[in-house]
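*Asks:* Sharing upload16.pdb here; it has PDB, C-alpha atoms.
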```pdb
ATOM      1  CA  MET A   9       2.610  17.686   6.165
ATOM      2  CA  ALA A  10       5.415  17.948   3.645
ATOM      3  CA  ALA A  11       4.379  18.236   0.007
ATOM      4  CA  ILE A  12       5.529  15.554  -2.442
ATOM      5  CA  ASP A  13       5.034  17.834  -5.460
ATOM      6  CA  ALA A  14       3.866  21.334  -6.383
ATOM      7  CA  LEU A  15       0.236  20.341  -6.897
ATOM      8  CA  PRO A  16      -2.530  21.303  -4.426
ATOM      9  CA  ALA A  17      -3.381  19.219  -1.359
ATOM     10  CA  LEU A  18      -5.870  16.440  -2.039
ATOM     11  CA  ARG A  19      -8.606  18.014   0.081
ATOM     12  CA  GLU A  20      -8.335  21.096  -2.118
ATOM     13  CA  VAL A  21      -8.421  18.975  -5.288
ATOM     14  CA  ILE A  22     -11.516  17.130  -4.076
ATOM     15  CA  ALA A  23     -13.265  20.380  -3.151
ATOM     16  CA  THR A  24     -12.357  22.078  -6.443
ATOM     17  CA  HIS A  25     -13.680  19.240  -8.576
ATOM     18  CA  GLY A  26     -16.595  18.180  -6.353
ATOM     19  CA  LEU A  27     -15.250  14.655  -5.918
ATOM     20  CA  SER A  28     -17.334  13.175  -3.142
ATOM     21  CA  ALA A  29     -16.652   9.442  -2.942
ATOM     22  CA  LYS A  30     -19.357   7.244  -4.464
ATOM     23  CA  LYS A  31     -20.300   4.112  -2.541
ATOM     24  CA  ALA A  32     -21.624   2.515  -5.733
ATOM     25  CA  LEU A  33     -18.101   2.664  -7.201
ATOM     26  CA  GLY A  34     -16.467   1.300  -4.054
ATOM     27  CA  GLN A  35     -14.603   4.583  -3.550
ATOM     28  CA  ASN A  36     -12.732   5.550  -0.386
ATOM     29  CA  PHE A  37     -10.144   8.259  -0.973
ATOM     30  CA  LEU A  38      -6.767   8.495   0.770
ATOM     31  CA  LEU A  39      -6.029  12.152   1.491
ATOM     32  CA  ASP A  40      -2.557  11.998   3.074
ATOM     33  CA  LEU A  41       0.018  12.342   0.290
ATOM     34  CA  ASN A  42       2.806  11.160   2.573
ATOM     35  CA  LEU A  43       0.787   7.983   3.111
ATOM     36  CA  THR A  44       0.164   7.457  -0.590
ATOM     37  CA  ALA A  45       3.890   7.939  -1.247
ATOM     38  CA  LYS A  46       4.610   5.334   1.436
ATOM     39  CA  ILE A  47       2.260   2.889  -0.289
ATOM     40  CA  ALA A  48       4.025   3.569  -3.590
ATOM     41  CA  ARG A  49       7.350   2.709  -1.947
ATOM     42  CA  GLN A  50       6.005  -0.726  -0.982
ATOM     43  CA  ALA A  51       6.155  -1.565  -4.687
ATOM     44  CA  GLY A  52       9.943  -1.279  -4.576
ATOM     45  CA  ASP A  53      12.188   0.732  -6.856
ATOM     46  CA  LEU A  54       9.935   2.087  -9.596
ATOM     47  CA  THR A  55      12.730   3.679 -11.602
ATOM     48  CA  GLY A  56      12.455   2.397 -15.160
ATOM     49  CA  MET A  57       9.094   0.734 -14.446
ATOM     50  CA  ASP A  58       5.712   1.232 -16.073
ATOM     51  CA  VAL A  59       2.963   1.111 -13.457
ATOM     52  CA  LEU A  60      -0.696   0.206 -13.843
ATOM     53  CA  GLU A  61      -3.052   1.864 -11.363
ATOM     54  CA  VAL A  62      -6.752   1.003 -11.211
ATOM     55  CA  GLY A  63      -9.192   3.430  -9.633
ATOM     56  CA  PRO A  64      -6.915   6.439  -9.049
ATOM     57  CA  GLY A  65      -9.784   8.710  -7.991
ATOM     58  CA  PRO A  66      -8.396  12.204  -7.306
ATOM     59  CA  GLY A  67      -4.862  10.913  -7.851
ATOM     60  CA  GLY A  68      -3.260  10.639  -4.429
ATOM     61  CA  LEU A  69      -1.514   7.326  -5.108
ATOM     62  CA  THR A  70      -0.886   8.416  -8.709
ATOM     63  CA  ARG A  71       1.141  11.337  -7.441
ATOM     64  CA  GLY A  72       2.990   9.055  -5.041
ATOM     65  CA  LEU A  73       3.938   6.669  -7.845
ATOM     66  CA  LEU A  74       5.179   9.496 -10.051
ATOM     67  CA  ALA A  75       7.055  11.190  -7.212
ATOM     68  CA  GLU A  76       8.732   7.863  -6.413
ATOM     69  CA  GLY A  77      10.139   7.700  -9.937
ATOM     70  CA  ALA A  78       7.798   5.539 -12.015
ATOM     71  CA  ARG A  79       8.745   5.761 -15.705
ATOM     72  CA  LYS A  80       5.081   5.918 -16.660
ATOM     73  CA  VAL A  81       1.766   5.438 -14.879
ATOM     74  CA  LEU A  82      -1.285   4.171 -16.739
ATOM     75  CA  ALA A  83      -4.325   5.064 -14.633
ATOM     76  CA  VAL A  84      -7.662   3.400 -15.413
ATOM     77  CA  GLU A  85     -10.578   5.384 -14.004
ATOM     78  CA  LYS A  86     -14.270   4.606 -14.402
ATOM     79  CA  ASP A  87     -15.520   7.815 -12.776
ATOM     80  CA  ALA A  88     -15.472  10.631 -15.340
ATOM     81  CA  ARG A  89     -15.660  13.214 -12.542
ATOM     82  CA  CYS A  90     -12.024  12.405 -11.653
ATOM     83  CA  LEU A  91     -10.612  13.002 -15.127
ATOM     84  CA  PRO A  92      -9.998  16.781 -14.771
ATOM     85  CA  ALA A  93      -8.024  16.235 -11.547
ATOM     86  CA  LEU A  94      -5.968  13.506 -13.223
ATOM     87  CA  ALA A  95      -5.371  15.781 -16.219
ATOM     88  CA  GLU A  96      -3.802  18.327 -13.859
ATOM     89  CA  ILE A  97      -1.403  15.644 -12.616
ATOM     90  CA  ALA A  98      -0.561  14.659 -16.192
ATOM     91  CA  ALA A  99       0.308  18.292 -16.939
ATOM     92  CA  ALA A 100       2.588  18.438 -13.895
ATOM     93  CA  TYR A 101       4.400  15.233 -14.939
ATOM     94  CA  PRO A 102       4.693  15.657 -18.739
ATOM     95  CA  GLY A 103       4.720  12.433 -20.693
ATOM     96  CA  ARG A 104       4.565  10.212 -17.613
ATOM     97  CA  LEU A 105       0.828   9.791 -16.918
ATOM     98  CA  ASP A 106      -1.689   8.252 -19.302
ATOM     99  CA  VAL A 107      -5.314   8.164 -18.184
ATOM    100  CA  VAL A 108      -7.820   5.695 -19.601
ATOM    101  CA  GLU A 109     -11.500   6.215 -18.866
ATOM    102  CA  GLY A 110     -13.187   2.859 -18.533
ATOM    103  CA  ASP A 111     -13.896  -0.245 -16.508
ATOM    104  CA  ALA A 112     -10.760  -2.217 -15.620
ATOM    105  CA  LEU A 113     -12.812  -5.416 -15.859
ATOM    106  CA  ALA A 114     -13.721  -4.665 -19.468
ATOM    107  CA  ILE A 115     -10.342  -3.648 -20.921
ATOM    108  CA  ASN A 116      -6.802  -5.008 -20.920
ATOM    109  CA  PRO A 117      -4.618  -2.052 -19.985
ATOM    110  CA  LEU A 118      -1.500  -4.240 -19.732
ATOM    111  CA  ASP A 119      -1.361  -4.128 -23.545
ATOM    112  CA  ARG A 120      -0.567  -0.418 -23.269
ATOM    113  CA  LEU A 121       2.470  -0.812 -21.023
ATOM    114  CA  THR A 122       6.108  -1.711 -21.646
ATOM    115  CA  PRO A 123       7.875  -4.181 -19.330
ATOM    116  CA  PRO A 124       9.059  -4.140 -16.665
ATOM    117  CA  ILE A 125       5.566  -3.547 -15.276
ATOM    118  CA  ALA A 126       4.320  -3.171 -11.710
ATOM    119  CA  ILE A 127       0.684  -2.956 -10.663
ATOM    120  CA  CYS A 128      -0.043  -0.705  -7.704
ATOM    121  CA  ALA A 129      -3.544   0.333  -6.702
ATOM    122  CA  ASN A 130      -5.979   1.209  -3.968
ATOM    123  CA  LEU A 131      -8.493  -1.093  -5.605
ATOM    124  CA  PRO A 132     -12.194  -0.263  -5.503
ATOM    125  CA  TYR A 133     -13.663  -2.686  -2.982
ATOM    126  CA  ASN A 134     -16.288  -4.014  -5.377
ATOM    127  CA  VAL A 135     -13.842  -5.268  -8.048
ATOM    128  CA  GLY A 136     -10.601  -5.884  -6.152
ATOM    129  CA  THR A 137     -10.839  -9.644  -5.712
ATOM    130  CA  GLU A 138     -11.897 -10.298  -9.299
ATOM    131  CA  LEU A 139      -9.020  -8.224 -10.659
ATOM    132  CA  LEU A 140      -6.537 -10.026  -8.411
ATOM    133  CA  VAL A 141      -7.683 -13.447  -9.629
ATOM    134  CA  ARG A 142      -7.375 -12.302 -13.259
ATOM    135  CA  TRP A 143      -3.823 -11.057 -12.685
ATOM    136  CA  LEU A 144      -2.892 -14.324 -10.954
ATOM    137  CA  THR A 145      -4.296 -16.564 -13.694
ATOM    138  CA  PRO A 146      -2.913 -15.426 -17.074
ATOM    139  CA  ASP A 147      -2.495 -17.997 -19.840
ATOM    140  CA  ALA A 148       1.305 -17.827 -19.573
ATOM    141  CA  TRP A 149       3.657 -17.569 -16.592
ATOM    142  CA  PRO A 150       5.685 -15.569 -15.645
ATOM    143  CA  PRO A 151       3.157 -12.789 -16.241
ATOM    144  CA  VAL A 152       3.833  -9.462 -17.911
ATOM    145  CA  TRP A 153       3.845  -7.809 -14.474
ATOM    146  CA  THR A 154       6.669  -8.158 -11.952
ATOM    147  CA  SER A 155       4.765  -7.316  -8.785
ATOM    148  CA  LEU A 156       1.341  -6.429  -7.420
ATOM    149  CA  THR A 157       1.037  -3.918  -4.572
ATOM    150  CA  LEU A 158      -2.649  -3.743  -3.773
ATOM    151  CA  MET A 159      -4.851  -2.372  -1.048
ATOM    152  CA  PHE A 160      -7.766  -4.495   0.145
ATOM    153  CA  GLN A 161     -10.070  -4.750   3.084
ATOM    154  CA  LYS A 162      -8.050  -6.320   5.896
ATOM    155  CA  GLU A 163     -10.121  -9.502   5.727
ATOM    156  CA  VAL A 164      -9.296 -10.003   2.034
ATOM    157  CA  ALA A 165      -5.594  -9.291   2.661
ATOM    158  CA  GLN A 166      -5.559 -11.965   5.368
ATOM    159  CA  ARG A 167      -7.119 -14.453   2.942
ATOM    160  CA  ILE A 168      -4.294 -13.840   0.446
ATOM    161  CA  VAL A 169      -1.471 -14.531   2.934
ATOM    162  CA  ALA A 170      -3.175 -17.271   4.992
ATOM    163  CA  LYS A 171      -1.544 -20.662   5.546
ATOM    164  CA  PRO A 172      -3.152 -24.138   5.595
ATOM    165  CA  GLY A 173      -5.118 -24.550   8.790
ATOM    166  CA  ASP A 174      -5.791 -20.826   9.149
ATOM    167  CA  LYS A 175      -9.428 -19.781   9.239
ATOM    168  CA  ALA A 176      -8.803 -17.400   6.320
ATOM    169  CA  TYR A 177      -7.046 -20.016   4.130
ATOM    170  CA  GLY A 178      -8.842 -20.609   0.845
ATOM    171  CA  ARG A 179      -8.859 -20.123  -2.907
ATOM    172  CA  LEU A 180      -7.100 -16.740  -2.875
ATOM    173  CA  ALA A 181      -4.245 -18.044  -0.724
ATOM    174  CA  VAL A 182      -3.660 -21.037  -3.009
ATOM    175  CA  LEU A 183      -3.755 -19.047  -6.251
ATOM    176  CA  ALA A 184      -1.555 -16.262  -4.859
ATOM    177  CA  GLN A 185       1.063 -18.335  -3.051
ATOM    178  CA  TRP A 186       1.332 -20.981  -5.768
ATOM    179  CA  ARG A 187       2.930 -18.437  -8.099
ATOM    180  CA  CYS A 188       4.047 -15.531  -5.884
ATOM    181  CA  ASP A 189       5.850 -14.539  -2.730
ATOM    182  CA  VAL A 190       3.259 -12.645  -0.693
ATOM    183  CA  HIS A 191       3.195 -10.546   2.460
ATOM    184  CA  ILE A 192       1.165  -7.798   4.074
ATOM    185  CA  ALA A 193       3.232  -4.625   3.718
ATOM    186  CA  MET A 194       1.068  -2.088   5.573
ATOM    187  CA  HIS A 195      -2.049  -1.789   7.697
ATOM    188  CA  LEU A 196      -4.326   1.246   7.396
ATOM    189  CA  PRO A 197      -7.091   2.269   9.830
ATOM    190  CA  PRO A 198     -10.498   3.442   8.597
ATOM    191  CA  GLU A 199      -9.740   7.046   9.559
ATOM    192  CA  ALA A 200      -7.009   7.185   6.885
ATOM    193  CA  PHE A 201      -9.774   7.366   4.265
ATOM    194  CA  SER A 202     -12.523   9.759   3.261
ATOM    195  CA  PRO A 203     -15.175   8.665   3.904
ATOM    196  CA  PRO A 204     -13.904   6.188   6.534
ATOM    197  CA  PRO A 205     -14.949   2.636   5.631
ATOM    198  CA  LYS A 206     -16.394   0.359   8.289
ATOM    199  CA  VAL A 207     -13.363  -1.945   8.140
ATOM    200  CA  SER A 208      -9.591  -1.654   8.319
ATOM    201  CA  SER A 209      -7.483  -2.029   5.192
ATOM    202  CA  ALA A 210      -4.114  -3.541   4.341
ATOM    203  CA  VAL A 211      -1.619  -3.334   1.502
ATOM    204  CA  VAL A 212      -0.501  -6.698   0.136
ATOM    205  CA  HIS A 213       2.658  -7.099  -1.933
ATOM    206  CA  LEU A 214       2.897 -10.043  -4.336
ATOM    207  CA  HIS A 215       6.121 -10.715  -6.229
ATOM    208  CA  ALA A 216       5.800 -13.015  -9.230
ATOM    209  CA  LEU A 217       7.984 -16.125  -9.092
ATOM    210  CA  PRO A 218       9.824 -17.144 -12.282
ATOM    211  CA  ALA A 219       7.840 -20.393 -12.223
ATOM    212  CA  PRO A 220       5.063 -21.786 -10.004
ATOM    213  CA  ARG A 221       6.196 -23.501  -6.808
ATOM    214  CA  PHE A 222       4.682 -26.815  -7.968
ATOM    215  CA  GLU A 223       3.746 -28.148 -11.377
ATOM    216  CA  ALA A 224       0.038 -28.037 -12.216
ATOM    217  CA  ASP A 225      -2.288 -27.054 -15.019
ATOM    218  CA  PRO A 226      -3.689 -23.704 -13.849
ATOM    219  CA  LYS A 227      -7.218 -24.312 -15.126
ATOM    220  CA  VAL A 228      -7.402 -27.733 -13.469
ATOM    221  CA  LEU A 229      -5.966 -26.356 -10.230
ATOM    222  CA  GLU A 230      -8.541 -23.557 -10.277
ATOM    223  CA  ARG A 231     -11.363 -26.089 -10.652
ATOM    224  CA  VAL A 232     -10.017 -28.253  -7.832
ATOM    225  CA  VAL A 233      -9.554 -25.337  -5.472
ATOM    226  CA  ALA A 234     -12.898 -23.729  -6.349
ATOM    227  CA  ALA A 235     -14.739 -26.993  -5.721
ATOM    228  CA  GLY A 236     -12.797 -27.756  -2.554
ATOM    229  CA  PHE A 237     -13.445 -24.413  -0.907
ATOM    230  CA  ASN A 238     -16.967 -23.904  -2.230
ATOM    231  CA  GLN A 239     -18.303 -26.021   0.620
ATOM    232  CA  ARG A 240     -15.680 -25.597   3.309
ATOM    233  CA  ARG A 241     -17.371 -27.733   5.936
ATOM    234  CA  LYS A 242     -17.621 -30.782   3.703
ATOM    235  CA  MET A 243     -15.026 -33.524   3.443
ATOM    236  CA  LEU A 244     -13.085 -33.424   0.188
ATOM    237  CA  ARG A 245     -14.554 -36.687  -1.053
ATOM    238  CA  ALA A 246     -17.936 -34.943  -1.029
ATOM    239  CA  SER A 247     -16.923 -31.472  -2.240
ATOM    240  CA  LEU A 248     -14.775 -32.863  -5.090
ATOM    241  CA  LYS A 249     -17.023 -35.729  -6.192
ATOM    242  CA  GLY A 250     -18.162 -33.744  -9.228
ATOM    243  CA  LEU A 251     -14.605 -33.661 -10.603
ATOM    244  CA  ALA A 252     -14.162 -37.434 -10.952
ATOM    245  CA  PRO A 253     -16.284 -40.471 -10.058
ATOM    246  CA  ASP A 254     -13.270 -42.127  -8.405
ATOM    247  CA  ILE A 255     -12.142 -39.019  -6.518
ATOM    248  CA  GLU A 256     -11.359 -40.996  -3.346
ATOM    249  CA  ASP A 257      -8.769 -43.032  -5.252
ATOM    250  CA  HIS A 258      -7.143 -39.853  -6.553
ATOM    251  CA  LEU A 259      -7.086 -38.299  -3.091
ATOM    252  CA  ASN A 260      -5.518 -41.384  -1.558
ATOM    253  CA  ALA A 261      -2.941 -41.563  -4.362
ATOM    254  CA  VAL A 262      -1.577 -38.105  -3.512
ATOM    255  CA  GLY A 263      -1.726 -38.610   0.243
ATOM    256  CA  ILE A 264      -4.828 -36.526   0.994
ATOM    257  CA  PRO A 265      -7.274 -38.314   3.305
ATOM    258  CA  PRO A 266     -10.715 -38.290   1.621
ATOM    259  CA  THR A 267     -12.194 -37.178   4.952
ATOM    260  CA  GLU A 268      -9.934 -34.096   5.054
ATOM    261  CA  ARG A 269     -11.315 -30.586   4.565
ATOM    262  CA  ALA A 270      -9.879 -28.165   2.025
ATOM    263  CA  GLU A 271      -8.675 -25.622   4.579
ATOM    264  CA  ARG A 272      -6.090 -28.119   5.897
ATOM    265  CA  VAL A 273      -4.645 -29.141   2.507
ATOM    266  CA  SER A 274      -1.319 -27.676   1.383
ATOM    267  CA  ILE A 275      -0.771 -25.971  -1.954
ATOM    268  CA  GLU A 276       1.650 -28.751  -2.905
ATOM    269  CA  ALA A 277      -1.031 -31.386  -2.287
ATOM    270  CA  PHE A 278      -3.638 -29.449  -4.276
ATOM    271  CA  CYS A 279      -1.169 -29.264  -7.177
ATOM    272  CA  ALA A 280      -0.488 -33.010  -6.978
ATOM    273  CA  LEU A 281      -4.208 -33.684  -7.151
ATOM    274  CA  ALA A 282      -4.584 -31.291 -10.092
ATOM    275  CA  ARG A 283      -1.845 -33.183 -11.972
ATOM    276  CA  ARG A 284      -3.695 -36.476 -11.507
ATOM    277  CA  LEU A 285      -6.974 -34.976 -12.697
ATOM    278  CA  ALA A 286      -5.489 -33.192 -15.724
TER     279      ALA A 286
END
```
Translate this structure into structure tokens?
*Replies:*
Amino acid sequence: MAAIDALPALREVIATHGLSAKKALGQNFLLDLNLTAKIARQAGDLTGMDVLEVGPGPGGLTRGLLAEGARKVLAVEKDARCLPALAEIAAAYPGRLDVVEGDALAINPLDRLTPPIAICANLPYNVGTELLVRWLTPDAWPPVWTSLTLMFQKEVAQRIVAKPGDKAYGRLAVLAQWRCDVHIAMHLPPEAFSPPPKVSSAVVHLHALPAPRFEADPKVLERVVAAGFNQRRKMLRASLKGLAPDIEDHLNAVGIPPTERAERVSIEAFCALARRLA
């Protein structure tokens, strides 16, 4: 395996610092530096970009991002055991890696970056979906980030790219595709990780659109979509009845049959309904 920098192999780093992955932190480490560099390349040309990485662990993807030319990487790591390994990377890439110890759900690291900004991360499984929804629902659009290149369990990745009528289509698909171009960039088998998870993984790339595809108030759209998909087997007139007493009239007005189920409704139709309910 060709080296991407002069630092030790990740297995050696993990052994030196005693970095066994912790299930409680949703950790699964990628050990192949060629693979982490390939993931970094899915984010596009990083030259002149600041990059936010959440959950760097021993720094495999961090090294890939730096080797691929990121102007600066801000790595947010909750596990203090990983900080010495990340400090070694910072020393090897002077002035280009900042490490913040803390919970990515409790801080706003985007305040510490200078646009253009990309977010690229092998997200801890236990916080990945919540972070994605936060990044997709800022108060203003376009967001401060240009793209998201994120690794999820394969099932979550499929939910992000699903189309109306697909079994996986739901809230994540609507929120992601309303404001972004999305596609699955890579698939990774369990054996690519240490320890191997029980499921396959996939890297999803989301590119922020200059404006949403359809006009809608984001908070209203979120409420509509959350209610619609909260009880997937119910007809929309039942699942959305808490939003308005005359919900059937609103559904009919935008061309959605009240007997329809949420998983068959297009993003455009959800946005039309959100505009009526705003």
*Asks:* If I take CA of Ile12 in chain A and CA of His213 in chain A, how far is one from the other in Å, to one decimal?
*Replies:*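 Calculated distance between CA of Ile12 in chain A and CA of His213 in chain A is 22.8 Å.
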*Asks:* Report the residues retrieved by the PyMOL selection byres ((chain A and resi 277-285) around 7) from the displayed file, expressed as number ranges by chain.
*Replies:* A: 222-225, 228-229, 232, 258-259, 262, 273-276, 286
*Asks:* I'd like the contact shell of Leu214 in chain A - 6 Å cut-off, all atoms listed in the file, skipping same-chain residues fewer than 5 positions apart - returned as a PyMOL selection string.
*Replies:* chain A and resi 155-156+188-190
*Asks:* Go through A:Glu268, A:Asp53, A:Glu230, A:Asp40 one by one, measure the shortest atom-to-atom distance of each to Thr145 in chain A using all atoms listed in the file, and give the residue with the smallest value.
*Replies:*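 Selected residue with least distance to Thr145 in chain A: A:Glu230.
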*Asks:* Got a sec to resolve the PyMOL selection byres ((chain A and resi 150) around 8) on this structure and send the residues as a PyMOL selection string?
*Replies:* chain A and resi 148-149+151-152+216-219
*Asks:* What does the PyMOL selection byres ((chain A and resi 120) around 10) select in this file, as number ranges by chain?
*Replies:* A: 58, 60, 82, 106, 116-119, 121-122
*Asks:* How about saving the chosen residues, C-alpha atoms kept, as a PDB file, keeping the file's coordinate frame?
*Replies:*
```pdb
ATOM      1  CA  ASP A  58       5.712   1.232 -16.073  1.00  0.00           C
ATOM      2  CA  LEU A  60      -0.696   0.206 -13.843  1.00  0.00           C
ATOM      3  CA  LEU A  82      -1.285   4.171 -16.739  1.00  0.00           C
ATOM      4  CA  ASP A 106      -1.689   8.252 -19.302  1.00  0.00           C
ATOM      5  CA  ASN A 116      -6.802  -5.008 -20.920  1.00  0.00           C
ATOM      6  CA  PRO A 117      -4.618  -2.052 -19.985  1.00  0.00           C
ATOM      7  CA  LEU A 118      -1.500  -4.240 -19.732  1.00  0.00           C
ATOM      8  CA  ASP A 119      -1.361  -4.128 -23.545  1.00  0.00           C
ATOM      9  CA  LEU A 121       2.470  -0.812 -21.023  1.00  0.00           C
ATOM     10  CA  THR A 122       6.108  -1.711 -21.646  1.00  0.00           C
TER      11      THR A 122
END
```
